[in-house]
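> This is the structure I have questions about; it appears just below.
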2 protein chains.
Amino acid sequence: MNALGTHLLLELRQCNPRLLDDLEFVKETMIAAAEFMDAQIIGESFHRFNPQGVTGVLSIAESHLSIHTWPELDYAAADIFTCGASFQPQAAAQIIIDRMESKDPSIQIIKRGIEAPASVARS
Amino acid sequence: MNALGTHLLLELRQCNPRLLDDLEFVKETMIAAAEFMDAQIIGESFHRFNPQGVTGVLSIAESHLSIHTWPELDYAAADIFTCGASFQPQAAAQIIIDRMESKDPSIQIIKRGIEAPASVARS
């Protein structure tokens with residue numbers, strides 16, 4: 001596959017629910033992850049739901065970071081989609097894992113690009 | 001797996017490059033996909049790069065939609081991440097495929113949630 005980008009899908013289980021529900025903390029976390037990668041932030045959208053939960057997206061020149069939290073389940077889903085070989089998205093993912101205090105995280109790594117991976121049938 | 005959300009990853013190959021480079025058209029496309037699903041849009045960030053390419057993210061109450069385009073490669077990567085069983089993300093994906101005139105699209109469907117799928121090792 002001729003990958004243009006690397007997309008990390010983080011399943012953050014057993015997080016600290018207080019942190020997952022803190023809009024400013026979540027926002028600072030995602031900005032810290034982006035800045036760690038020297039990504040250029042070009043847009044943002046963060047929102048806290050009532051009664052609980054935060055959703056946030058950072059647009060970066062090199063694609064995006066996103067997070068959606070469910071404090072009532074101690075869970076968050078986060079994405080780091082970057083283009084360019086100079087980034088270290090897995091180290092940025094670790095920042096998010098550590099700050100959310102996830103005790104049971106997992107990461108799927110998916111290459112995005114112009115040729116289909118072998119496992120995906122062409123239509 | 002106890003899925004909270006459905007995440008569609010679209011690889012849009014062989015698109016119309018003129019459309020991929022048209023910020024307003026891309027934005028209208030993503031809003032049309034969100035509105036088709038009756039998703040509640042709570043934030044947005046769209047940007048056109050120089051010399052080419054568009055990146056856009058729609059935050060919705062039910063997670064997010066994103067797109068990143070490479071007109072020079074006739075390619076775009078789009079995501080539709082929704083929570084709740086009432087949505088029809090695959091039909092929304094088809095709207096994006098059709099409007100970008102992709103002749104070679106593929107979709108990966110990934111369940112997001114609080115339990116790890118069998119294929120993902122727990123740490």
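Simple scheme: letters A, B, ... for chains in structure tokens order, numbers from 1 for residues in each chain, numbers from 1 for ligands in the order shown.
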Contacts between chain A and chain B, please, where a residue of chain B counts if it comes within 9 Å (with only C-alpha atoms); show its shortest atom pair and distance in Å to one decimal, rows by chain and ascending number, as CSV.

residue,atom,partner,partner_atom,distance
B:Leu9,CA,A:Arg112,CA,8.9
B:Glu11,CA,A:Gly113,CA,7.2
B:Leu12,CA,A:Ile114,CA,7.9
B:Arg13,CA,A:Ile114,CA,6.2
B:Gln14,CA,A:Ile114,CA,8.8
B:Ile42,CA,A:His47,CA,7.6
B:Gly43,CA,A:Ser45,CA,5.5
B:Glu44,CA,A:Ser45,CA,6.6
B:Ser45,CA,A:Gly43,CA,5.5
B:Phe46,CA,A:Gly43,CA,7.7
B:His47,CA,A:Ile42,CA,7.6
B:Phe49,CA,A:Ala61,CA,8.3
B:Thr55,CA,A:Ser63,CA,6.9
B:Gly56,CA,A:Ser59,CA,7.4
B:Val57,CA,A:Ser59,CA,7.0
B:Leu58,CA,A:Val57,CA,8.5
B:Ser59,CA,A:Ser45,CA,6.9
B:Ile60,CA,A:Thr55,CA,8.5
B:Ala61,CA,A:Thr55,CA,7.9
B:Glu62,CA,A:Thr55,CA,8.9
B:Ser63,CA,A:His68,CA,6.5
B:His64,CA,A:Val57,CA,8.1
B:Ser66,CA,A:His64,CA,8.3
B:Ile67,CA,A:Ser63,CA,8.4
B:His68,CA,A:Ser63,CA,6.5
B:Leu73,CA,A:Ile114,CA,7.6
B:Asp74,CA,A:Ile114,CA,8.5
B:Tyr75,CA,A:Ile114,CA,6.3
B:Ala76,CA,A:Ile114,CA,8.2
B:Ala77,CA,A:Arg112,CA,7.1
B:Lys103,CA,A:Ser123,CA,8.8
B:Asp104,CA,A:Ser123,CA,6.4
B:Pro105,CA,A:Ser123,CA,6.7
B:Ser106,CA,A:Arg122,CA,6.4
B:Ile107,CA,A:Val120,CA,8.1
B:Gln108,CA,A:Val120,CA,7.7
B:Arg112,CA,A:Ala77,CA,7.1
B:Gly113,CA,A:Glu11,CA,7.2
B:Ile114,CA,A:Arg13,CA,6.2
B:Glu115,CA,A:Arg13,CA,7.9
B:Ala116,CA,A:Ser106,CA,7.7
B:Val120,CA,A:Ser106,CA,7.2
B:Ala121,CA,A:Ser106,CA,7.4
B:Arg122,CA,A:Ser106,CA,6.5
B:Ser123,CA,A:Asp104,CA,6.2
> What's the 10 Å shell around Phe36 in chain A, counting only C-alpha atoms, without same-chain residues fewer than 4 positions away, as a PyMOL selection string?
chain A and resi 30-32+87-89+91-92+95
> For the strand (DSSP E) assignment from backbone DSSP, which residues of chain B qualify? Please present them as a ChimeraX atom specification.
/B:3-13,41-48,54-60,63-70,75-83,104-113
> Since we have the selection now, will you write its residues out, keeping N, CA and C atoms, as a short mmCIF file (atom, residue, chain, number, x, y, z; two decimals), in the first residue's frame?

data_model
loop_
_atom_site.label_atom_id
_atom_site.label_comp_id
_atom_site.auth_asym_id
_atom_site.auth_seq_id
_atom_site.Cartn_x
_atom_site.Cartn_y
_atom_site.Cartn_z
N ALA B 3 -20.39 -2.47 21.46
CA ALA B 3 -20.06 -1.31 20.65
C ALA B 3 -20.87 -0.09 21.06
N LEU B 4 -20.16 1.03 21.21
CA LEU B 4 -20.83 2.30 21.42
C LEU B 4 -21.00 3.05 20.12
N GLY B 5 -20.09 2.78 19.18
CA GLY B 5 -20.12 3.54 17.95
C GLY B 5 -19.69 2.74 16.76
N THR B 6 -20.01 3.26 15.60
CA THR B 6 -19.61 2.66 14.34
C THR B 6 -18.74 3.68 13.61
N HIS B 7 -17.55 3.24 13.22
CA HIS B 7 -16.60 4.14 12.58
C HIS B 7 -16.34 3.63 11.18
N LEU B 8 -16.76 4.40 10.18
CA LEU B 8 -16.50 4.05 8.79
C LEU B 8 -15.28 4.82 8.30
N LEU B 9 -14.32 4.09 7.72
CA LEU B 9 -13.14 4.71 7.13
C LEU B 9 -13.26 4.54 5.61
N LEU B 10 -13.39 5.65 4.93
CA LEU B 10 -13.60 5.63 3.48
C LEU B 10 -12.29 5.98 2.77
N GLU B 11 -11.91 5.12 1.84
CA GLU B 11 -10.80 5.42 0.94
C GLU B 11 -11.45 5.76 -0.40
N LEU B 12 -11.35 7.01 -0.79
CA LEU B 12 -12.03 7.48 -2.01
C LEU B 12 -10.99 7.71 -3.10
N ARG B 13 -10.82 6.69 -3.91
CA ARG B 13 -9.85 6.77 -5.00
C ARG B 13 -10.55 7.18 -6.30
N ILE B 41 -25.19 18.89 14.22
CA ILE B 41 -23.87 19.49 14.03
C ILE B 41 -23.61 20.49 15.16
N ILE B 42 -22.48 20.30 15.87
CA ILE B 42 -22.18 21.19 17.00
C ILE B 42 -20.89 21.97 16.81
N GLY B 43 -20.19 21.71 15.71
CA GLY B 43 -18.97 22.47 15.45
C GLY B 43 -18.42 22.09 14.08
N GLU B 44 -17.58 22.97 13.51
CA GLU B 44 -17.01 22.66 12.20
C GLU B 44 -15.68 23.36 12.03
N SER B 45 -14.84 22.77 11.18
CA SER B 45 -13.56 23.38 10.84
C SER B 45 -13.20 22.93 9.43
N PHE B 46 -13.19 23.87 8.49
CA PHE B 46 -12.83 23.55 7.11
C PHE B 46 -11.72 24.50 6.67
N HIS B 47 -10.81 23.96 5.88
CA HIS B 47 -9.62 24.73 5.51
C HIS B 47 -9.16 24.28 4.12
N ARG B 48 -8.79 25.24 3.28
CA ARG B 48 -8.20 24.89 1.99
C ARG B 48 -6.72 25.22 2.02
N VAL B 54 -8.05 20.07 0.65
CA VAL B 54 -9.02 20.57 1.62
C VAL B 54 -9.03 19.61 2.80
N THR B 55 -9.15 20.16 4.01
CA THR B 55 -9.38 19.34 5.18
C THR B 55 -10.60 19.88 5.89
N GLY B 56 -11.42 18.98 6.39
CA GLY B 56 -12.64 19.43 7.04
C GLY B 56 -13.10 18.45 8.08
N VAL B 57 -13.61 19.00 9.17
CA VAL B 57 -14.16 18.18 10.25
C VAL B 57 -15.49 18.79 10.68
N LEU B 58 -16.48 17.94 10.83
CA LEU B 58 -17.75 18.32 11.44
C LEU B 58 -17.86 17.59 12.77
N SER B 59 -17.98 18.33 13.86
CA SER B 59 -18.33 17.70 15.13
C SER B 59 -19.84 17.55 15.16
N ILE B 60 -20.28 16.37 15.52
CA ILE B 60 -21.71 16.15 15.69
C ILE B 60 -21.94 15.64 17.11
N SER B 63 -20.63 12.19 17.53
CA SER B 63 -19.20 11.95 17.28
C SER B 63 -18.67 12.88 16.18
N HIS B 64 -18.22 12.38 14.99
CA HIS B 64 -17.69 13.31 14.00
C HIS B 64 -17.68 12.75 12.59
N LEU B 65 -17.57 13.66 11.64
CA LEU B 65 -17.28 13.34 10.25
C LEU B 65 -16.04 14.13 9.87
N SER B 66 -15.15 13.52 9.07
CA SER B 66 -13.96 14.25 8.63
C SER B 66 -13.63 13.88 7.19
N ILE B 67 -12.90 14.78 6.54
CA ILE B 67 -12.40 14.49 5.19
C ILE B 67 -11.09 15.23 4.97
N HIS B 68 -10.18 14.56 4.29
CA HIS B 68 -8.91 15.16 3.89
C HIS B 68 -8.70 14.79 2.43
N THR B 69 -8.46 15.79 1.59
CA THR B 69 -8.39 15.52 0.15
C THR B 69 -7.00 15.80 -0.41
N TRP B 70 -6.62 15.01 -1.39
CA TRP B 70 -5.39 15.17 -2.15
C TRP B 70 -5.78 15.25 -3.64
N TYR B 75 -7.57 11.61 -4.71
CA TYR B 75 -7.84 10.78 -3.54
C TYR B 75 -8.34 11.61 -2.36
N ALA B 76 -9.23 11.02 -1.58
CA ALA B 76 -9.62 11.60 -0.30
C ALA B 76 -9.80 10.49 0.73
N ALA B 77 -9.51 10.81 1.97
CA ALA B 77 -9.78 9.92 3.11
C ALA B 77 -10.90 10.58 3.91
N ALA B 78 -11.97 9.84 4.13
CA ALA B 78 -13.10 10.39 4.88
C ALA B 78 -13.47 9.43 6.01
N ASP B 79 -13.99 9.98 7.10
CA ASP B 79 -14.41 9.19 8.25
C ASP B 79 -15.82 9.59 8.65
N ILE B 80 -16.59 8.60 9.03
CA ILE B 80 -17.90 8.85 9.63
C ILE B 80 -17.95 8.02 10.91
N PHE B 81 -17.96 8.71 12.03
CA PHE B 81 -17.97 8.05 13.35
C PHE B 81 -19.27 8.46 14.03
N THR B 82 -20.16 7.49 14.21
CA THR B 82 -21.46 7.78 14.79
C THR B 82 -21.72 6.86 15.97
N CYS B 83 -22.52 7.35 16.89
CA CYS B 83 -22.96 6.55 18.03
C CYS B 83 -24.47 6.48 18.01
N ASP B 104 -13.50 4.34 -7.44
CA ASP B 104 -12.87 3.17 -6.81
C ASP B 104 -12.85 3.37 -5.28
N PRO B 105 -14.02 3.36 -4.68
CA PRO B 105 -14.08 3.56 -3.23
C PRO B 105 -13.99 2.25 -2.46
N SER B 106 -13.57 2.34 -1.22
CA SER B 106 -13.70 1.19 -0.32
C SER B 106 -14.00 1.72 1.07
N ILE B 107 -14.61 0.88 1.87
CA ILE B 107 -15.03 1.27 3.22
C ILE B 107 -14.59 0.20 4.21
N GLN B 108 -13.93 0.61 5.26
CA GLN B 108 -13.69 -0.27 6.40
C GLN B 108 -14.66 0.13 7.50
N ILE B 109 -15.25 -0.85 8.13
CA ILE B 109 -16.19 -0.58 9.22
C ILE B 109 -15.58 -1.10 10.52
N ILE B 110 -15.42 -0.20 11.48
CA ILE B 110 -14.79 -0.54 12.74
C ILE B 110 -15.73 -0.19 13.88
N LYS B 111 -15.98 -1.17 14.73
CA LYS B 111 -16.81 -0.92 15.90
C LYS B 111 -15.94 -0.32 17.00
N ARG B 112 -16.43 0.72 17.62
CA ARG B 112 -15.73 1.34 18.74
C ARG B 112 -16.53 1.10 20.01
N GLY B 113 -15.86 0.83 21.10
CA GLY B 113 -16.64 0.57 22.31
C GLY B 113 -15.80 0.27 23.51
#
> Could you check how far CA of Gln52 in chain B sits from CA of Pro17 in chain B, in Å to one decimal?
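Value for the CA of Gln52 in chain B-CA of Pro17 in chain B distance: 9.9 Å.
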> Can you list every residue in chain A that DSSP puts in helix (DSSP H, G or I), as a PDB file with N, CA, C and O atoms, in the first residue's frame?

ATOM      1  N   PRO A  17     -12.870   8.961  35.308  1.00  0.00           N
ATOM      2  CA  PRO A  17     -14.073   9.601  34.758  1.00  0.00           C
ATOM      3  C   PRO A  17     -14.134  11.104  35.007  1.00  0.00           C
ATOM      4  O   PRO A  17     -14.719  11.844  34.201  1.00  0.00           O
ATOM      5  N   ARG A  18     -13.523  11.542  36.097  1.00  0.00           N
ATOM      6  CA  ARG A  18     -13.516  12.986  36.372  1.00  0.00           C
ATOM      7  C   ARG A  18     -12.769  13.743  35.278  1.00  0.00           C
ATOM      8  O   ARG A  18     -13.192  14.807  34.822  1.00  0.00           O
ATOM      9  N   LEU A  19     -11.656  13.154  34.822  1.00  0.00           N
ATOM     10  CA  LEU A  19     -10.861  13.796  33.775  1.00  0.00           C
ATOM     11  C   LEU A  19     -11.598  13.760  32.433  1.00  0.00           C
ATOM     12  O   LEU A  19     -11.533  14.701  31.649  1.00  0.00           O
ATOM     13  N   LEU A  20     -12.296  12.658  32.180  1.00  0.00           N
ATOM     14  CA  LEU A  20     -13.026  12.524  30.908  1.00  0.00           C
ATOM     15  C   LEU A  20     -14.137  13.562  30.782  1.00  0.00           C
ATOM     16  O   LEU A  20     -14.585  13.855  29.673  1.00  0.00           O
ATOM     17  N   LEU A  23     -13.841  19.465  30.302  1.00  0.00           N
ATOM     18  CA  LEU A  23     -13.636  19.997  28.952  1.00  0.00           C
ATOM     19  C   LEU A  23     -12.247  20.600  28.781  1.00  0.00           C
ATOM     20  O   LEU A  23     -11.542  20.316  27.806  1.00  0.00           O
ATOM     21  N   GLU A  24     -11.833  21.450  29.731  1.00  0.00           N
ATOM     22  CA  GLU A  24     -10.538  22.121  29.588  1.00  0.00           C
ATOM     23  C   GLU A  24      -9.388  21.117  29.637  1.00  0.00           C
ATOM     24  O   GLU A  24      -8.421  21.234  28.889  1.00  0.00           O
ATOM     25  N   PHE A  25      -9.523  20.135  30.508  1.00  0.00           N
ATOM     26  CA  PHE A  25      -8.465  19.128  30.601  1.00  0.00           C
ATOM     27  C   PHE A  25      -8.374  18.306  29.324  1.00  0.00           C
ATOM     28  O   PHE A  25      -7.277  18.021  28.820  1.00  0.00           O
ATOM     29  N   VAL A  26      -9.516  17.931  28.782  1.00  0.00           N
ATOM     30  CA  VAL A  26      -9.529  17.155  27.536  1.00  0.00           C
ATOM     31  C   VAL A  26      -8.899  17.975  26.405  1.00  0.00           C
ATOM     32  O   VAL A  26      -8.077  17.479  25.625  1.00  0.00           O
ATOM     33  N   LYS A  27      -9.276  19.242  26.348  1.00  0.00           N
ATOM     34  CA  LYS A  27      -8.750  20.116  25.290  1.00  0.00           C
ATOM     35  C   LYS A  27      -7.239  20.289  25.425  1.00  0.00           C
ATOM     36  O   LYS A  27      -6.488  20.187  24.443  1.00  0.00           O
ATOM     37  N   GLU A  28      -6.789  20.528  26.657  1.00  0.00           N
ATOM     38  CA  GLU A  28      -5.341  20.665  26.889  1.00  0.00           C
ATOM     39  C   GLU A  28      -4.599  19.381  26.495  1.00  0.00           C
ATOM     40  O   GLU A  28      -3.478  19.442  25.973  1.00  0.00           O
ATOM     41  N   THR A  29      -5.237  18.246  26.745  1.00  0.00           N
ATOM     42  CA  THR A  29      -4.609  16.964  26.422  1.00  0.00           C
ATOM     43  C   THR A  29      -4.414  16.812  24.918  1.00  0.00           C
ATOM     44  O   THR A  29      -3.339  16.409  24.444  1.00  0.00           O
ATOM     45  N   MET A  30      -5.463  17.137  24.164  1.00  0.00           N
ATOM     46  CA  MET A  30      -5.372  16.963  22.709  1.00  0.00           C
ATOM     47  C   MET A  30      -4.385  17.962  22.110  1.00  0.00           C
ATOM     48  O   MET A  30      -3.632  17.632  21.180  1.00  0.00           O
ATOM     49  N   ILE A  31      -4.363  19.176  22.644  1.00  0.00           N
ATOM     50  CA  ILE A  31      -3.396  20.169  22.157  1.00  0.00           C
ATOM     51  C   ILE A  31      -1.977  19.720  22.503  1.00  0.00           C
ATOM     52  O   ILE A  31      -1.054  19.854  21.686  1.00  0.00           O
ATOM     53  N   ALA A  32      -1.803  19.154  23.694  1.00  0.00           N
ATOM     54  CA  ALA A  32      -0.470  18.664  24.081  1.00  0.00           C
ATOM     55  C   ALA A  32      -0.007  17.564  23.127  1.00  0.00           C
ATOM     56  O   ALA A  32       1.168  17.516  22.736  1.00  0.00           O
ATOM     57  N   ALA A  33      -0.929  16.675  22.747  1.00  0.00           N
ATOM     58  CA  ALA A  33      -0.569  15.602  21.826  1.00  0.00           C
ATOM     59  C   ALA A  33      -0.192  16.167  20.457  1.00  0.00           C
ATOM     60  O   ALA A  33       0.781  15.729  19.831  1.00  0.00           O
ATOM     61  N   ALA A  34      -0.962  17.148  19.994  1.00  0.00           N
ATOM     62  CA  ALA A  34      -0.673  17.760  18.687  1.00  0.00           C
ATOM     63  C   ALA A  34       0.660  18.506  18.728  1.00  0.00           C
ATOM     64  O   ALA A  34       1.477  18.402  17.793  1.00  0.00           O
ATOM     65  N   GLU A  35       0.873  19.242  19.808  1.00  0.00           N
ATOM     66  CA  GLU A  35       2.114  20.028  19.900  1.00  0.00           C
ATOM     67  C   GLU A  35       3.329  19.125  20.051  1.00  0.00           C
ATOM     68  O   GLU A  35       4.403  19.449  19.548  1.00  0.00           O
ATOM     69  N   PHE A  36       3.142  18.002  20.727  1.00  0.00           N
ATOM     70  CA  PHE A  36       4.253  17.051  20.836  1.00  0.00           C
ATOM     71  C   PHE A  36       4.737  16.628  19.453  1.00  0.00           C
ATOM     72  O   PHE A  36       5.932  16.424  19.211  1.00  0.00           O
ATOM     73  N   PRO A  71     -17.820   9.477  30.331  1.00  0.00           N
ATOM     74  CA  PRO A  71     -17.389   9.354  31.735  1.00  0.00           C
ATOM     75  C   PRO A  71     -18.154   8.274  32.486  1.00  0.00           C
ATOM     76  O   PRO A  71     -17.594   7.621  33.385  1.00  0.00           O
ATOM     77  N   GLU A  72     -19.417   8.085  32.141  1.00  0.00           N
ATOM     78  CA  GLU A  72     -20.239   7.096  32.854  1.00  0.00           C
ATOM     79  C   GLU A  72     -19.757   5.681  32.604  1.00  0.00           C
ATOM     80  O   GLU A  72     -20.135   4.742  33.321  1.00  0.00           O
ATOM     81  N   LEU A  73     -18.921   5.490  31.604  1.00  0.00           N
ATOM     82  CA  LEU A  73     -18.371   4.167  31.292  1.00  0.00           C
ATOM     83  C   LEU A  73     -16.846   4.128  31.468  1.00  0.00           C
ATOM     84  O   LEU A  73     -16.204   3.137  31.097  1.00  0.00           O
ATOM     85  N   PRO A  89       3.077   9.511  15.935  1.00  0.00           N
ATOM     86  CA  PRO A  89       1.714   9.469  16.489  1.00  0.00           C
ATOM     87  C   PRO A  89       1.581   8.528  17.675  1.00  0.00           C
ATOM     88  O   PRO A  89       0.752   8.771  18.560  1.00  0.00           O
ATOM     89  N   GLN A  90       2.389   7.477  17.732  1.00  0.00           N
ATOM     90  CA  GLN A  90       2.250   6.551  18.862  1.00  0.00           C
ATOM     91  C   GLN A  90       2.719   7.196  20.163  1.00  0.00           C
ATOM     92  O   GLN A  90       2.146   6.926  21.230  1.00  0.00           O
ATOM     93  N   ALA A  91       3.729   8.034  20.071  1.00  0.00           N
ATOM     94  CA  ALA A  91       4.151   8.745  21.283  1.00  0.00           C
ATOM     95  C   ALA A  91       3.086   9.757  21.697  1.00  0.00           C
ATOM     96  O   ALA A  91       2.835   9.967  22.891  1.00  0.00           O
ATOM     97  N   ALA A  92       2.451  10.376  20.711  1.00  0.00           N
ATOM     98  CA  ALA A  92       1.361  11.309  21.031  1.00  0.00           C
ATOM     99  C   ALA A  92       0.182  10.554  21.649  1.00  0.00           C
ATOM    100  O   ALA A  92      -0.481  11.056  22.568  1.00  0.00           O
ATOM    101  N   ALA A  93      -0.078   9.348  21.151  1.00  0.00           N
ATOM    102  CA  ALA A  93      -1.153   8.527  21.716  1.00  0.00           C
ATOM    103  C   ALA A  93      -0.875   8.230  23.183  1.00  0.00           C
ATOM    104  O   ALA A  93      -1.781   8.239  24.026  1.00  0.00           O
ATOM    105  N   GLN A  94       0.389   7.986  23.497  1.00  0.00           N
ATOM    106  CA  GLN A  94       0.739   7.676  24.881  1.00  0.00           C
ATOM    107  C   GLN A  94       0.463   8.858  25.808  1.00  0.00           C
ATOM    108  O   GLN A  94       0.075   8.670  26.971  1.00  0.00           O
ATOM    109  N   ILE A  95       0.636  10.064  25.288  1.00  0.00           N
ATOM    110  CA  ILE A  95       0.310  11.252  26.088  1.00  0.00           C
ATOM    111  C   ILE A  95      -1.166  11.235  26.471  1.00  0.00           C
ATOM    112  O   ILE A  95      -1.544  11.492  27.626  1.00  0.00           O
ATOM    113  N   ILE A  96      -2.017  10.916  25.501  1.00  0.00           N
ATOM    114  CA  ILE A  96      -3.465  10.889  25.761  1.00  0.00           C
ATOM    115  C   ILE A  96      -3.797   9.775  26.760  1.00  0.00           C
ATOM    116  O   ILE A  96      -4.559   9.969  27.712  1.00  0.00           O
ATOM    117  N   ILE A  97      -3.212   8.606  26.543  1.00  0.00           N
ATOM    118  CA  ILE A  97      -3.443   7.467  27.445  1.00  0.00           C
ATOM    119  C   ILE A  97      -3.047   7.821  28.875  1.00  0.00           C
ATOM    120  O   ILE A  97      -3.796   7.585  29.830  1.00  0.00           O
ATOM    121  N   ASP A  98      -1.852   8.407  29.012  1.00  0.00           N
ATOM    122  CA  ASP A  98      -1.344   8.721  30.347  1.00  0.00           C
ATOM    123  C   ASP A  98      -2.200   9.780  31.034  1.00  0.00           C
ATOM    124  O   ASP A  98      -2.542   9.648  32.210  1.00  0.00           O
ATOM    125  N   ARG A  99      -2.539  10.840  30.299  1.00  0.00           N
ATOM    126  CA  ARG A  99      -3.280  11.945  30.928  1.00  0.00           C
ATOM    127  C   ARG A  99      -4.697  11.526  31.305  1.00  0.00           C
ATOM    128  O   ARG A  99      -5.246  12.022  32.300  1.00  0.00           O
TER     129      ARG A  99
END
> Between CA of Glu101 in chain B and CA of Asp22 in chain B, what is the distance in Å, rounded to a tenth?
13.3 Å
